[in-house]
Structure formats: structure tokens, C-alpha cells
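Below is structure-v3.cif, which holds mmCIF, C-alpha atoms and all ligand atoms.
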```cif
data_query
#
loop_
_atom_site.label_atom_id
_atom_site.label_comp_id
_atom_site.auth_asym_id
_atom_site.auth_seq_id
_atom_site.Cartn_x
_atom_site.Cartn_y
_atom_site.Cartn_z
CA MET J 209 128.58 107.25 141.51
CA GLU J 210 128.27 103.54 142.25
CA ASN J 211 125.58 101.72 140.26
CA PHE J 212 122.55 100.57 142.25
CA SER J 213 119.33 98.77 141.52
CA SER J 214 116.22 98.14 143.65
CA VAL J 215 112.54 97.46 143.05
CA CYS J 216 111.94 101.09 142.06
CA LEU J 217 115.28 102.93 141.94
CA ARG J 218 118.16 102.52 139.50
CA LEU J 219 121.42 104.37 139.41
CA LYS J 220 123.42 103.57 136.30
CA SER J 221 126.28 105.57 134.76
CA ASN J 222 125.37 108.50 137.07
CA LYS J 223 121.76 108.57 135.85
CA ILE J 224 118.80 108.16 138.21
CA SER J 225 115.75 106.20 137.03
CA ILE J 226 112.61 105.81 139.10
CA LEU J 227 109.66 103.47 138.63
CA ASP J 228 106.60 105.72 138.32
CA GLN J 229 104.41 104.65 141.27
CA ARG J 230 101.36 106.52 139.99
CA LYS J 231 101.06 103.92 137.24
CA ILE J 232 101.54 100.71 139.24
CA PRO J 233 100.16 98.04 138.93
CA GLN J 234 98.73 98.68 135.47
CA GLU J 235 102.03 99.82 133.92
CA GLU J 236 105.69 99.68 134.89
CA VAL J 237 107.18 102.88 133.48
CA TRP J 238 110.69 104.06 134.41
CA LEU J 239 111.37 107.81 134.52
CA GLU J 240 114.85 109.23 133.99
CA VAL J 241 115.36 112.11 136.42
CA THR J 242 118.12 114.53 135.46
CA THR J 243 117.17 117.82 137.17
CA ALA J 244 116.23 119.04 140.65
CA ALA J 245 113.00 120.46 139.17
CA LYS J 246 111.96 117.04 137.85
CA MET J 247 112.88 115.34 141.15
CA HIS J 248 110.81 117.94 143.04
CA LYS J 249 107.87 117.35 140.71
CA ILE J 250 107.90 113.57 140.95
CA ILE J 251 108.23 113.60 144.76
CA LYS J 252 105.32 116.05 145.05
CA ARG J 253 103.03 114.08 142.74
CA LEU J 254 104.04 110.75 144.42
CA SER J 255 105.71 109.08 141.43
CA VAL J 256 108.30 108.35 144.11
CA ARG J 257 107.13 108.19 147.71
CA GLY J 258 107.63 106.67 151.15
CA ALA J 259 109.58 108.49 153.86
CA PRO J 260 113.03 106.85 153.50
CA LEU J 261 112.89 106.71 149.70
CA ILE J 262 112.17 110.39 149.10
CA GLY J 263 115.11 111.35 151.34
CA VAL J 264 117.42 108.99 149.47
CA CYS J 265 116.24 110.12 146.01
CA ALA J 266 116.59 113.82 146.85
CA SER J 267 120.15 113.38 148.15
CA LEU J 268 121.13 111.18 145.21
CA MET J 269 119.87 113.94 142.92
CA ILE J 270 122.21 116.42 144.61
CA GLY J 271 125.04 113.87 144.35
CA VAL J 272 124.44 113.38 140.62
CA LEU J 273 124.16 117.14 140.02
CA ALA J 274 127.46 117.63 141.89
CA LEU J 275 129.17 115.57 139.18
CA GLU J 276 128.37 118.28 136.59
CA LYS J 277 131.34 120.66 136.35
CA THR J 278 129.13 123.66 135.60
CA ASN J 279 126.97 123.31 138.77
CA SER J 280 128.38 125.55 141.52
CA LEU J 281 128.14 124.85 145.25
CA GLU J 282 125.80 127.84 145.54
CA GLN J 283 123.50 126.26 142.97
CA LEU J 284 123.65 122.86 144.72
CA LYS J 285 122.72 124.50 148.04
CA GLU J 286 119.77 126.22 146.39
CA TRP J 287 118.58 122.94 144.86
CA SER J 288 118.89 121.19 148.23
CA GLU J 289 116.70 123.84 149.88
CA TYR J 290 114.27 123.67 146.96
CA LEU J 291 113.92 119.88 147.18
CA LYS J 292 112.99 120.26 150.86
CA THR J 293 109.83 122.07 149.75
CA SER J 294 108.51 119.07 147.79
CA ARG J 295 106.69 117.48 150.80
CA PRO J 296 106.46 118.63 154.44
CA THR J 297 105.79 115.63 156.70
CA ALA J 298 108.41 112.88 156.23
CA VAL J 299 111.45 114.02 158.20
CA ASN J 300 113.81 111.84 156.13
CA LEU J 301 113.66 114.36 153.28
CA PHE J 302 114.98 117.10 155.57
CA THR J 303 117.60 115.03 157.39
CA CYS J 304 119.06 113.64 154.16
CA LEU J 305 119.21 117.04 152.44
CA ASP J 306 120.59 118.66 155.60
CA ARG J 307 123.40 116.12 155.55
CA MET J 308 124.23 117.27 152.01
CA LEU J 309 124.03 120.94 153.07
CA VAL J 310 126.30 120.38 156.08
CA ILE J 311 128.95 118.85 153.77
CA MET J 312 128.85 122.00 151.61
CA LYS J 313 128.73 124.52 154.44
CA THR J 314 131.47 123.01 156.58
CA ASN J 315 133.93 122.40 153.76
CA GLU J 316 133.53 125.21 151.25
CA GLU J 317 136.12 127.41 152.93
CA LYS J 318 138.64 124.66 153.59
CA MET J 319 138.64 122.87 150.22
CA ASP J 320 138.30 123.55 146.54
CA GLU J 321 134.93 123.02 144.91
CA THR J 322 135.88 119.75 143.17
CA ASN J 323 136.80 118.12 146.47
CA VAL J 324 133.59 119.28 148.18
CA LYS J 325 131.63 117.84 145.27
CA GLY J 326 133.50 114.56 145.73
CA LEU J 327 132.36 114.53 149.38
CA LEU J 328 128.78 115.18 148.29
CA VAL J 329 128.84 112.14 146.02
CA LYS J 330 130.22 110.02 148.88
CA GLU J 331 127.56 111.33 151.29
CA ALA J 332 124.72 110.51 148.90
CA GLU J 333 126.14 107.00 148.43
CA ALA J 334 126.48 106.62 152.22
CA ILE J 335 122.84 107.68 152.79
CA LEU J 336 121.66 105.11 150.25
CA LYS J 337 123.77 102.31 151.75
CA GLU J 338 122.72 103.13 155.33
CA GLU J 339 119.02 103.09 154.43
CA VAL J 340 119.33 99.72 152.66
CA GLU J 341 121.13 98.27 155.69
CA MET J 342 118.62 99.74 158.15
CA CYS J 343 115.84 97.99 156.21
CA GLU J 344 117.63 94.66 156.67
CA ARG J 345 118.00 95.20 160.42
CA MET J 346 114.38 96.36 160.93
CA GLY J 347 113.31 93.24 159.04
CA GLU J 348 115.37 90.98 161.29
CA HIS J 349 114.20 92.57 164.57
CA GLY J 350 110.55 92.81 163.52
CA ALA J 351 110.32 89.28 162.07
CA LYS J 352 111.04 87.88 165.55
CA LEU J 353 107.67 89.27 166.66
CA ILE J 354 105.85 87.19 164.03
CA GLU J 355 104.79 83.59 164.59
CA SER J 356 103.82 80.97 162.03
CA GLY J 357 100.07 81.10 161.52
CA ASP J 358 99.80 84.86 162.16
CA ASN J 359 97.31 86.98 160.26
CA ILE J 360 98.94 90.37 159.90
CA LEU J 361 97.25 93.62 159.00
CA THR J 362 99.25 96.31 157.22
CA TYR J 363 98.47 99.80 156.00
CA CYS J 364 99.68 101.99 153.12
CA ASN J 365 102.87 100.83 151.40
CA THR J 366 106.07 100.26 153.32
CA GLY J 367 108.12 97.93 151.15
CA GLY J 368 110.63 98.19 148.32
CA LEU J 369 108.48 100.94 146.82
CA ALA J 370 108.83 103.11 149.95
CA THR J 371 112.51 102.52 150.74
CA PRO J 372 115.64 101.63 148.74
CA GLY J 373 115.72 98.22 150.48
CA VAL J 374 113.30 95.50 151.53
CA GLY J 375 111.11 97.99 153.37
CA THR J 376 110.02 98.92 156.87
CA ALA J 377 106.79 97.17 157.99
CA LEU J 378 106.49 95.24 154.74
CA GLY J 379 110.17 94.38 155.08
CA VAL J 380 109.36 92.74 158.42
CA ILE J 381 106.56 90.75 156.77
CA ILE J 382 108.78 89.75 153.82
CA LYS J 383 111.58 88.62 156.16
CA ALA J 384 109.15 86.53 158.25
CA HIS J 385 107.80 84.90 155.08
CA GLN J 386 111.31 84.25 153.72
CA SER J 387 112.28 82.56 156.98
CA GLY J 388 109.55 79.98 156.37
CA LYS J 389 106.83 81.30 158.72
CA LYS J 390 103.37 80.62 157.33
CA ILE J 391 101.67 83.99 157.41
CA HIS J 392 98.72 85.67 155.78
CA VAL J 393 98.42 89.43 155.29
CA TYR J 394 95.38 91.67 155.24
CA ALA J 395 96.38 94.73 153.18
CA CYS J 396 94.24 97.84 153.70
CA GLU J 397 93.64 99.63 150.40
CA THR J 398 94.49 103.05 151.96
CA ARG J 399 92.21 105.75 150.60
CA PRO J 400 92.48 108.26 149.05
CA LEU J 401 95.51 107.32 146.93
CA LEU J 402 95.32 103.56 147.38
CA GLN J 403 98.95 102.86 148.19
CA GLY J 404 97.79 99.61 149.82
CA GLY J 405 95.47 98.48 147.03
CA ARG J 406 97.86 99.36 144.23
CA LEU J 407 101.38 99.10 145.66
CA THR J 408 101.32 96.75 148.66
CA ALA J 409 99.13 94.28 146.77
CA TRP J 410 101.65 94.43 143.89
CA GLU J 411 104.60 93.84 146.23
CA LEU J 412 102.91 91.03 148.20
CA ALA J 413 102.03 89.26 144.95
CA LYS J 414 105.62 89.65 143.64
CA ASN J 415 106.92 88.15 146.91
CA LYS J 416 104.34 85.33 146.74
CA ILE J 417 102.98 86.13 150.22
CA PRO J 418 99.36 85.00 150.74
CA PHE J 419 97.21 88.09 151.22
CA THR J 420 93.70 89.50 151.14
CA LEU J 421 92.96 93.07 150.11
CA ILE J 422 90.39 94.91 152.22
CA CYS J 423 88.83 98.37 152.21
CA ASP J 424 90.05 100.46 155.15
CA ASN J 425 86.64 100.38 156.85
CA MET J 426 86.81 96.56 157.14
CA ALA J 427 89.81 96.44 159.51
CA ALA J 428 87.93 96.99 162.79
CA SER J 429 85.34 94.32 162.11
CA LEU J 430 88.06 91.79 161.26
CA MET J 431 89.71 92.58 164.60
CA ARG J 432 86.41 92.12 166.44
CA LYS J 433 86.06 88.71 164.78
CA GLY J 434 89.55 87.75 166.04
CA LYS J 435 90.95 87.50 162.52
CA ILE J 436 93.96 89.78 163.04
CA ASP J 437 96.90 88.71 165.25
CA LYS J 438 99.24 91.67 164.73
CA VAL J 439 99.47 94.99 162.93
CA PHE J 440 102.68 96.28 161.33
CA LEU J 441 102.82 99.65 159.57
CA GLY J 442 105.30 102.46 158.95
CA ALA J 443 106.01 106.02 160.06
CA ASP J 444 106.88 109.24 158.28
CA ARG J 445 108.08 111.13 161.33
CA ILE J 446 108.49 109.97 164.92
CA ALA J 447 108.55 112.50 167.75
CA THR J 448 110.91 111.80 170.66
CA ASN J 449 107.92 110.97 172.90
CA GLY J 450 107.02 108.18 170.42
CA ASP J 451 104.00 109.78 168.76
CA PHE J 452 104.29 109.17 165.05
CA ALA J 453 102.86 110.55 161.82
CA ASN J 454 101.92 107.99 159.21
CA LYS J 455 99.47 107.67 156.34
CA ILE J 456 96.02 109.06 157.11
CA GLY J 457 93.92 106.28 158.65
CA THR J 458 96.74 104.86 160.77
CA TYR J 459 95.21 106.37 163.91
CA SER J 460 91.86 104.64 163.24
CA VAL J 461 93.68 101.31 162.87
CA ALA J 462 95.53 101.97 166.15
CA ILE J 463 92.33 102.71 168.08
CA ALA J 464 90.68 99.56 166.76
CA ALA J 465 93.78 97.46 167.56
CA LYS J 466 93.98 98.87 171.08
CA LEU J 467 90.30 98.16 171.76
CA HIS J 468 90.66 94.58 170.56
CA ASN J 469 94.03 93.92 172.22
CA VAL J 470 95.77 93.37 168.90
CA PRO J 471 99.51 94.16 169.17
CA MET J 472 100.43 96.96 166.77
CA TYR J 473 103.94 98.12 165.84
CA SER J 474 105.22 101.00 163.78
CA VAL J 475 108.40 100.05 161.91
CA ALA J 476 110.92 102.72 160.90
CA PRO J 477 114.63 103.46 160.61
CA VAL J 478 116.23 105.76 163.20
CA SER J 479 116.41 108.32 160.36
CA THR J 480 112.62 108.74 160.74
CA ILE J 481 112.96 110.05 164.31
CA ASP J 482 112.83 113.83 164.47
CA PHE J 483 115.02 114.61 167.48
CA GLU J 484 113.89 118.24 167.38
CA CYS J 485 110.25 117.26 167.73
CA GLU J 486 109.04 116.41 171.23
CA SER J 487 105.45 115.46 170.51
CA GLY J 488 103.21 114.48 167.62
CA ASP J 489 101.34 117.79 167.91
CA GLN J 490 104.39 119.56 166.45
CA ILE J 491 104.42 117.52 163.21
CA GLU J 492 103.36 119.41 160.09
CA ILE J 493 100.73 117.46 158.20
CA GLU J 494 100.65 117.71 154.42
CA GLN J 495 97.30 118.81 152.99
CA ARG J 496 96.65 117.57 149.48
CA GLU J 497 94.26 118.49 146.66
CA PRO J 498 90.48 117.95 147.11
CA LYS J 499 90.43 116.13 143.76
CA GLU J 500 92.12 113.12 145.40
CA VAL J 501 89.09 112.65 147.68
CA ARG J 502 86.53 113.19 144.93
CA GLY J 503 87.79 110.32 142.80
CA VAL J 504 90.76 108.24 141.75
CA ARG J 505 93.22 109.20 139.02
CA ASP J 506 91.12 110.88 136.32
CA TYR J 507 87.83 109.31 137.37
CA ILE J 508 85.86 111.73 139.57
CA TRP J 509 82.64 110.42 141.14
CA ALA J 510 81.84 113.13 143.69
CA PRO J 511 80.30 116.51 142.81
CA ASP J 512 82.44 119.63 143.12
CA CYS J 513 82.31 120.00 146.90
CA ASN J 514 84.40 120.79 149.97
CA CYS J 515 86.89 118.04 150.75
CA TYR J 516 89.28 117.46 153.63
CA ASN J 517 92.47 115.75 152.52
CA PRO J 518 95.31 115.46 155.05
CA ALA J 519 97.92 112.98 153.78
CA PHE J 520 98.88 111.83 157.29
CA ASP J 521 97.62 111.58 160.85
CA VAL J 522 99.38 111.31 164.18
CA THR J 523 99.12 108.19 166.33
CA PRO J 524 99.90 108.75 170.01
CA ILE J 525 102.42 106.26 171.37
CA GLU J 526 100.03 105.00 174.08
CA THR J 527 97.74 103.49 171.43
CA VAL J 528 100.40 101.07 170.10
CA SER J 529 102.55 98.25 171.52
CA GLY J 530 105.89 99.65 170.44
CA ILE J 531 108.17 100.73 167.63
CA VAL J 532 110.53 98.50 165.65
CA LEU J 533 113.68 100.39 164.73
CA ASP J 534 116.84 99.19 162.98
CA VAL J 535 118.51 99.28 166.40
CA GLY J 536 115.92 97.02 168.04
CA VAL J 537 112.34 96.77 169.26
CA PHE J 538 111.23 99.38 171.80
CA THR J 539 108.12 98.86 173.91
CA THR J 540 105.73 101.73 174.55
CA LYS J 541 106.84 101.74 178.20
CA GLU J 542 110.53 102.09 177.23
CA ILE J 543 109.69 104.87 174.79
CA GLN J 544 107.63 106.68 177.44
CA SER J 545 110.69 106.50 179.72
CA GLY J 546 112.72 108.42 177.11
CA ALA J 547 114.38 105.59 175.11
CA LEU J 548 114.14 107.41 171.75
CA LYS J 549 115.86 110.58 172.98
CA LYS J 550 118.91 108.48 173.90
CA LEU J 551 119.34 107.41 170.25
CA LYS J 552 120.40 110.90 169.12
CA LYS J 553 123.97 110.82 167.75
O1 LIG J 601 102.18 109.61 151.01
P1 LIG J 601 103.10 108.45 150.98
O2 LIG J 601 102.65 107.36 150.08
O3 LIG J 601 104.53 108.85 150.77
O4 LIG J 601 103.01 107.88 152.47
C1 LIG J 601 103.84 106.80 152.84
C2 LIG J 601 103.54 106.30 154.19
O5 LIG J 601 102.74 106.84 154.91
C3 LIG J 601 104.37 105.15 154.67
O6 LIG J 601 103.64 104.39 155.58
C4 LIG J 601 105.62 105.73 155.32
O7 LIG J 601 106.37 106.46 154.42
C5 LIG J 601 106.44 104.80 156.03
S1 LIG J 601 107.04 103.43 155.13
C6 LIG J 601 108.47 103.58 154.53
#
```
Give the structure from the file, written as C-alpha cells.
Ligand code: MRU
Amino acid sequence: MENFSSVCLRLKSNKISILDQRKIPQEEVWLEVTTAAKMHKIIKRLSVRGAPLIGVCASLMIGVLALEKTNSLEQLKEWSEYLKTSRPTAVNLFTCLDRMLVIMKTNEEKMDETNVKGLLVKEAEAILKEEVEMCERMGEHGAKLIESGDNILTYCNTGGLATPGVGTALGVIIKAHQSGKKIHVYACETRPLLQGGRLTAWELAKNKIPFTLICDNMAASLMRKGKIDKVFLGADRIATNGDFANKIGTYSVAIAAKLHNVPMYSVAPVSTIDFECESGDQIEIEQREPKEVRGVRDYIWAPDCNCYNPAFDVTPIETVSGIVLDVGVFTTKEIQSGALKKLKK
């Protein structure tokens, strides 16, 4: 398999290494992932996360395992199905693994096993390359919406730690900054797991982009004060009517932005559209452990009590200005007229 290196993913001599995101920013620890069981575990516990990145990592794992002579196609199919059970909401995980499964199912009767495995390796490499390129294109389209002097609010983490490339929403911000636009970012910390406070702050600092970290409950008051010009954030699954699931709290940001006439865009690759899903109501939302609400990492401040901990919420398309995809910017009106459905290949 071709070597590859990004902010958080390395592929060298057919070995996958992943930067453990649970430990950032305090420590930068790389994990070598050699089995489907380990990949499943690290996706589930969020050592690797972000919709496009988990799809890429899961398919690369199948590609790497296909290189082992002793792994049969039956075993590779089982591992692909197993990896799909690591997280339920981001559609990228399913589409990427389904691409690997289709290669196996359509070719196993026509070719010998070694050749099918060769195709699997090529498919995993193609998925990786496509996702990196889609990040570049989203960045270019989205950056055109940003003007010098803009104060941009972002949510969760959508950069090089969530994709194998420059990112989705954070990619747009990075591209605007690199093109010389003078911008400032408000990064929401993103409770309960603090992807904004830990990961986006780390990425913004590395990219030398001026930013201010805020608690999630500060966003609306900043909008009321006129301090936010635009909002850019990601998506984990987009229904064909434009409703999208993203990190829990996205919907609150959307309502506040709508009320204060702040343009808000979700940024995602076409691979995040679920063409089988017609509305946001059909998206399965991951429920996580109560412990994550009661504290952070090993520090628990709340008593043992009932907790509600959905990892994502659904934002209806009518609350935002549009969606930035790798194939261009789509306004809410265009999406409501069926523009996303037409993108199905
Ligand atoms: O639970 P996470 O950290 O995987 O959630 C990630 C997000 O919600 C991102 O905003 C999303 O994946 C889109 S960005 C690539």
C-alpha cells in the first residue's frame, strides 16, 4: 500500500498509525493499529474520530488486512461488517466499508482470491485519495464565502484530525487564512468531550490562526452582540432533504444564528450524504456513556445520577444558509428544490 502521512494518520510499510485524539493536546501519542478489533476499539472510544476519517481508517484497515496471505475473503467480509458496528451515526463509515464489501462480493466468483485482495488494496487507496481531494475542493469553495475581517464561529473539530486532509469546516477556515484573509475564529469547546477545546484549539494554534476559545453557552450572546459574522461547522450524515446530523449542540448554534441573521454553513464531502435517507428524522443518533456528562476524562464532578448523552443532534435545513460540498456551495433554497438527490452517482 502506498505510504501516506497526515496530521493524525500514517501509513508506512503497510502499517497504520493513528495519533490518539483522546490525549491531545497534553500528549501526542501514536498508536499502531494492526487488527480489526483494535481499529473497532479506537473508533468507538474516539482515539480516531470525525466522519470522513473513521470511514477512511476502517477501509484502510481492511486493505492492510487483505495483504496478509492467511486472511480469507470470508474473514475480510466479517471484519468489514464488524467495523460497521463501531459507531452508528456518521454515514462515511458505512459507505466506505460497503465499497470494500462490494469489491469482494462482485469479484469473488470471477477472480482468484489474490486478485480480489489486490482490488481491495486499490479501493482503500482510492477512498483515501478521494477524501483528501474532496477536502481541498470544499476548502476552495467555502473560502470564497469568507471575507477579510470576518469573525467566524466553529463547533466541534472538523480539521486534519477529523479527515485525512485539510478538513471540512476547519479546512475552509484554514484555506481562507492561507489565502491572506485576516480572520478571527471563535471555537466552541463542545461539551461533553471537548473536541473544540482540545482539538480545534490545537489545530488553530498549529495553523497560527487567531482564535478565542469559548464555552458553548457563550455563542448566542456573542451573536446578539454582533461579534460573529459567519458560522462554519461539519456534518456526520446529510439526508437528501438537507437535514444534517452533527455534533450535539449544532442545532442550538443554528437556532441562535438564524435568530440573529448570521449566515451558517455545514461543510461536508459528498460522501457524507446518505442517499437512502430522506429526512433527518431517519438518522440514528449514537448514545454514549453517562460518565462523559458527569465529568471529563477520569475527573468526575457530578454525583452518580441519570444523564442524557446523545453524541449528535439533527439540524433542519431551514435553519441554515446552505451546505458547502466538494462539488460546490448549495443554498438552502436549492437543497429544498432537490439539489442533493441529483448528486447520487
Ligand atoms: O464524535 P465525533 O468527534 O466523531 O464528532 C465529529 C463531528 O461531529 C464533526 O463535526 C463531523 O464529523 C464532521 S467534520 C469532519
What residues have any atom no more than 7 Å from ligand LIG 601 (chain J) when counting all atoms listed in the file, and can you list them as a list in words?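 Counting all atoms listed in the file, the residues within 7 Å of ligand LIG 601 (chain J) come out as Leu254, Arg257, Gly258, Ala259, Pro260, Ala298, Tyr363, Cys364, Asn365, Thr366, Gly367, Ala370, Thr371, Gly375, Thr376, Ala377, Gln403, Leu441, Gly442, Ala443, Asp444, Asn454, Lys455, Ala476, Ala519 and Phe520 of chain J.
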Based on the selection just made, write C-alpha atoms of those residues as a compact mmCIF listing (two decimals), in the coordinates of the input.
```
# COMPACT_ATOMS: atom_id res chain seq x y z
CA LEU J 254 104.04 110.75 144.42
CA ARG J 257 107.13 108.19 147.71
CA GLY J 258 107.63 106.67 151.15
CA ALA J 259 109.58 108.49 153.86
CA PRO J 260 113.03 106.85 153.50
CA ALA J 298 108.41 112.88 156.23
CA TYR J 363 98.47 99.80 156.00
CA CYS J 364 99.68 101.99 153.12
CA ASN J 365 102.87 100.83 151.40
CA THR J 366 106.07 100.26 153.32
CA GLY J 367 108.12 97.93 151.15
CA ALA J 370 108.83 103.11 149.95
CA THR J 371 112.51 102.52 150.74
CA GLY J 375 111.11 97.99 153.37
CA THR J 376 110.02 98.92 156.87
CA ALA J 377 106.79 97.17 157.99
CA GLN J 403 98.95 102.86 148.19
CA LEU J 441 102.82 99.65 159.57
CA GLY J 442 105.30 102.46 158.95
CA ALA J 443 106.01 106.02 160.06
CA ASP J 444 106.88 109.24 158.28
CA ASN J 454 101.92 107.99 159.21
CA LYS J 455 99.47 107.67 156.34
CA ALA J 476 110.92 102.72 160.90
CA ALA J 519 97.92 112.98 153.78
CA PHE J 520 98.88 111.83 157.29
```
Neighbouring residues of J:Ser255 were defined as those with any atom within 9 Å, considering only C-alpha atoms; residues of the same chain fewer than 2 positions away were excluded. Please report them as a list in words.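 Result of the neighbour search: Ile226, Leu227, Asp228, Gln229, Arg230, Lys231, Lys249, Ile250, Ile251, Lys252, Arg253 and Arg257 of chain J.
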For each of J:Ile270, J:Ala351, J:Ile360, J:Ile543, take the minimum atom-to-atom distance to J:Leu327, counting only C-alpha atoms, then give the residue where this is smallest.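 Between J:Ile270, J:Ala351, J:Ile360, J:Ile543, the residue approaching J:Leu327 most closely is J:Ile270.
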Tell me, as number ranges by chain, which residues lie within 10 Å of J:Gly373, counting all atoms listed in the file; anything in the same chain fewer than 6 positions away does not count. J: 213-217, 260-261, 336-344, 367, 379
Residues within 6 Å of (102.4, 106.2, 166.7), file coordinates, counting all atoms listed in the file: what are they? Give the list as a JSON list (two decimals) with C-alpha atoms, keeping the file's coordinate frame.
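Saved result, result-v3.json, follows:
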```json
[["chain", "number", "residue", "atom", "x", "y", "z"],
["J", 451, "ASP", "CA", 104.00, 109.78, 168.76],
["J", 452, "PHE", "CA", 104.29, 109.17, 165.05],
["J", 523, "THR", "CA", 99.12, 108.19, 166.33],
["J", 524, "PRO", "CA", 99.90, 108.75, 170.01],
["J", 525, "ILE", "CA", 102.42, 106.26, 171.37]]
```
Report the distance between atom CA of J:Ile436 and atom CA of J:Val522 in Å, rounded to one decimal place. 22.2 Å
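Minimum atom-to-atom distance to J:Glu282, evaluated using only C-alpha atoms, belongs to J:Glu321 out of J:Asp306, J:Glu321, J:Asp482, J:Glu500.
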I'd like the interatomic distance between atom CA of J:Ala245 and atom CA of J:Ser294, to a tenth of an Å.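 Distance between the two atoms: 9.8 Å.
If all atoms listed in the file are the atoms counted, then among J:Glu542, J:Asp521, J:Asp489, J:Asp437 the closest residue to J:Glu355 is J:Asp437.
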Residues proximal to (126.3, 120.0, 137.1) were defined as those with any atom within 12 Å of that point in the file's coordinates, counting only C-alpha atoms. Which are they, as a list of chain:residue names? J:Asn222, J:Thr242, J:Thr243, J:Ala244, J:Met269, J:Ile270, J:Gly271, J:Val272, J:Leu273, J:Ala274, J:Leu275, J:Glu276, J:Lys277, J:Thr278, J:Asn279, J:Ser280, J:Leu281, J:Glu282, J:Gln283, J:Leu284, J:Trp287, J:Thr322, J:Lys325
Give me the residues near J:Ile382 as a PyMOL selection string, where near means some atom within 12 Å (using all atoms listed in the file) and where sequence neighbours in that chain fewer than 4 positions away do not count. chain J and resi 343-344+346-348+350-351+354+360+366-368+373-378+386-393+408+411-419+440
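Using only C-alpha atoms for every distance, the candidate list J:Met319, J:Val264, J:Val324, J:Leu353 yields J:Val264 as the residue closest to J:Phe302.
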Mind completing stretch 318-325 of chain J with all heavy atoms? Output as a PDB file, in the coordinates of the input, please?
```
ATOM      1  N   LYS J 318     137.397 125.415 153.381  1.00  0.00           N
ATOM      2  CA  LYS J 318     138.640 124.660 153.590  1.00  0.00           C
ATOM      3  C   LYS J 318     139.150 123.990 152.317  1.00  0.00           C
ATOM      4  O   LYS J 318     140.326 123.689 152.197  1.00  0.00           O
ATOM      5  CB  LYS J 318     138.391 123.533 154.611  1.00  0.00           C
ATOM      6  CG  LYS J 318     138.037 123.994 156.000  1.00  0.00           C
ATOM      7  CD  LYS J 318     137.955 122.791 156.935  1.00  0.00           C
ATOM      8  CE  LYS J 318     136.530 122.551 157.356  1.00  0.00           C
ATOM      9  NZ  LYS J 318     136.251 121.296 157.987  1.00  0.00           N
ATOM     10  N   MET J 319     138.257 123.708 151.382  1.00  0.00           N
ATOM     11  CA  MET J 319     138.640 122.870 150.220  1.00  0.00           C
ATOM     12  C   MET J 319     138.236 123.532 148.923  1.00  0.00           C
ATOM     13  O   MET J 319     137.374 124.402 148.912  1.00  0.00           O
ATOM     14  CB  MET J 319     137.823 121.572 150.260  1.00  0.00           C
ATOM     15  CG  MET J 319     138.184 120.625 151.289  1.00  0.00           C
ATOM     16  SD  MET J 319     137.062 119.221 151.060  1.00  0.00           S
ATOM     17  CE  MET J 319     137.398 118.350 152.540  1.00  0.00           C
ATOM     18  N   ASP J 320     138.798 123.011 147.810  1.00  0.00           N
ATOM     19  CA  ASP J 320     138.300 123.550 146.540  1.00  0.00           C
ATOM     20  C   ASP J 320     136.988 122.830 146.175  1.00  0.00           C
ATOM     21  O   ASP J 320     136.666 121.773 146.718  1.00  0.00           O
ATOM     22  CB  ASP J 320     139.360 123.505 145.436  1.00  0.00           C
ATOM     23  CG  ASP J 320     139.692 122.104 144.993  1.00  0.00           C
ATOM     24  OD1 ASP J 320     138.817 121.236 145.131  1.00  0.00           O
ATOM     25  OD2 ASP J 320     140.820 121.881 144.533  1.00  0.00           O
ATOM     26  N   GLU J 321     136.285 123.470 145.243  1.00  0.00           N
ATOM     27  CA  GLU J 321     134.930 123.020 144.910  1.00  0.00           C
ATOM     28  C   GLU J 321     134.882 121.541 144.462  1.00  0.00           C
ATOM     29  O   GLU J 321     133.980 120.798 144.842  1.00  0.00           O
ATOM     30  CB  GLU J 321     134.376 123.941 143.812  1.00  0.00           C
ATOM     31  CG  GLU J 321     132.889 123.820 143.657  1.00  0.00           C
ATOM     32  CD  GLU J 321     132.277 125.019 142.960  1.00  0.00           C
ATOM     33  OE1 GLU J 321     132.215 126.108 143.573  1.00  0.00           O
ATOM     34  OE2 GLU J 321     131.863 124.858 141.794  1.00  0.00           O
ATOM     35  N   THR J 322     135.877 121.130 143.691  1.00  0.00           N
ATOM     36  CA  THR J 322     135.880 119.750 143.170  1.00  0.00           C
ATOM     37  C   THR J 322     135.926 118.751 144.323  1.00  0.00           C
ATOM     38  O   THR J 322     135.228 117.720 144.297  1.00  0.00           O
ATOM     39  CB  THR J 322     137.115 119.527 142.259  1.00  0.00           C
ATOM     40  OG1 THR J 322     137.240 120.668 141.440  1.00  0.00           O
ATOM     41  CG2 THR J 322     137.005 118.279 141.446  1.00  0.00           C
ATOM     42  N   ASN J 323     136.716 119.060 145.340  1.00  0.00           N
ATOM     43  CA  ASN J 323     136.800 118.120 146.470  1.00  0.00           C
ATOM     44  C   ASN J 323     135.504 118.092 147.282  1.00  0.00           C
ATOM     45  O   ASN J 323     135.088 117.034 147.749  1.00  0.00           O
ATOM     46  CB  ASN J 323     137.981 118.495 147.379  1.00  0.00           C
ATOM     47  CG  ASN J 323     139.295 118.136 146.716  1.00  0.00           C
ATOM     48  OD1 ASN J 323     139.345 117.258 145.866  1.00  0.00           O
ATOM     49  ND2 ASN J 323     140.352 118.843 147.070  1.00  0.00           N
ATOM     50  N   VAL J 324     134.878 119.254 147.457  1.00  0.00           N
ATOM     51  CA  VAL J 324     133.590 119.280 148.180  1.00  0.00           C
ATOM     52  C   VAL J 324     132.564 118.455 147.401  1.00  0.00           C
ATOM     53  O   VAL J 324     131.804 117.667 147.987  1.00  0.00           O
ATOM     54  CB  VAL J 324     133.077 120.726 148.395  1.00  0.00           C
ATOM     55  CG1 VAL J 324     131.763 120.715 149.172  1.00  0.00           C
ATOM     56  CG2 VAL J 324     134.102 121.579 149.123  1.00  0.00           C
ATOM     57  N   LYS J 325     132.582 118.599 146.093  1.00  0.00           N
ATOM     58  CA  LYS J 325     131.630 117.840 145.270  1.00  0.00           C
ATOM     59  C   LYS J 325     131.887 116.330 145.409  1.00  0.00           C
ATOM     60  O   LYS J 325     130.951 115.533 145.437  1.00  0.00           O
ATOM     61  CB  LYS J 325     131.735 118.262 143.811  1.00  0.00           C
ATOM     62  CG  LYS J 325     131.105 119.629 143.556  1.00  0.00           C
ATOM     63  CD  LYS J 325     131.344 120.007 142.135  1.00  0.00           C
ATOM     64  CE  LYS J 325     130.424 121.099 141.671  1.00  0.00           C
ATOM     65  NZ  LYS J 325     130.592 121.370 140.227  1.00  0.00           N
TER      66      LYS J 325
END
```
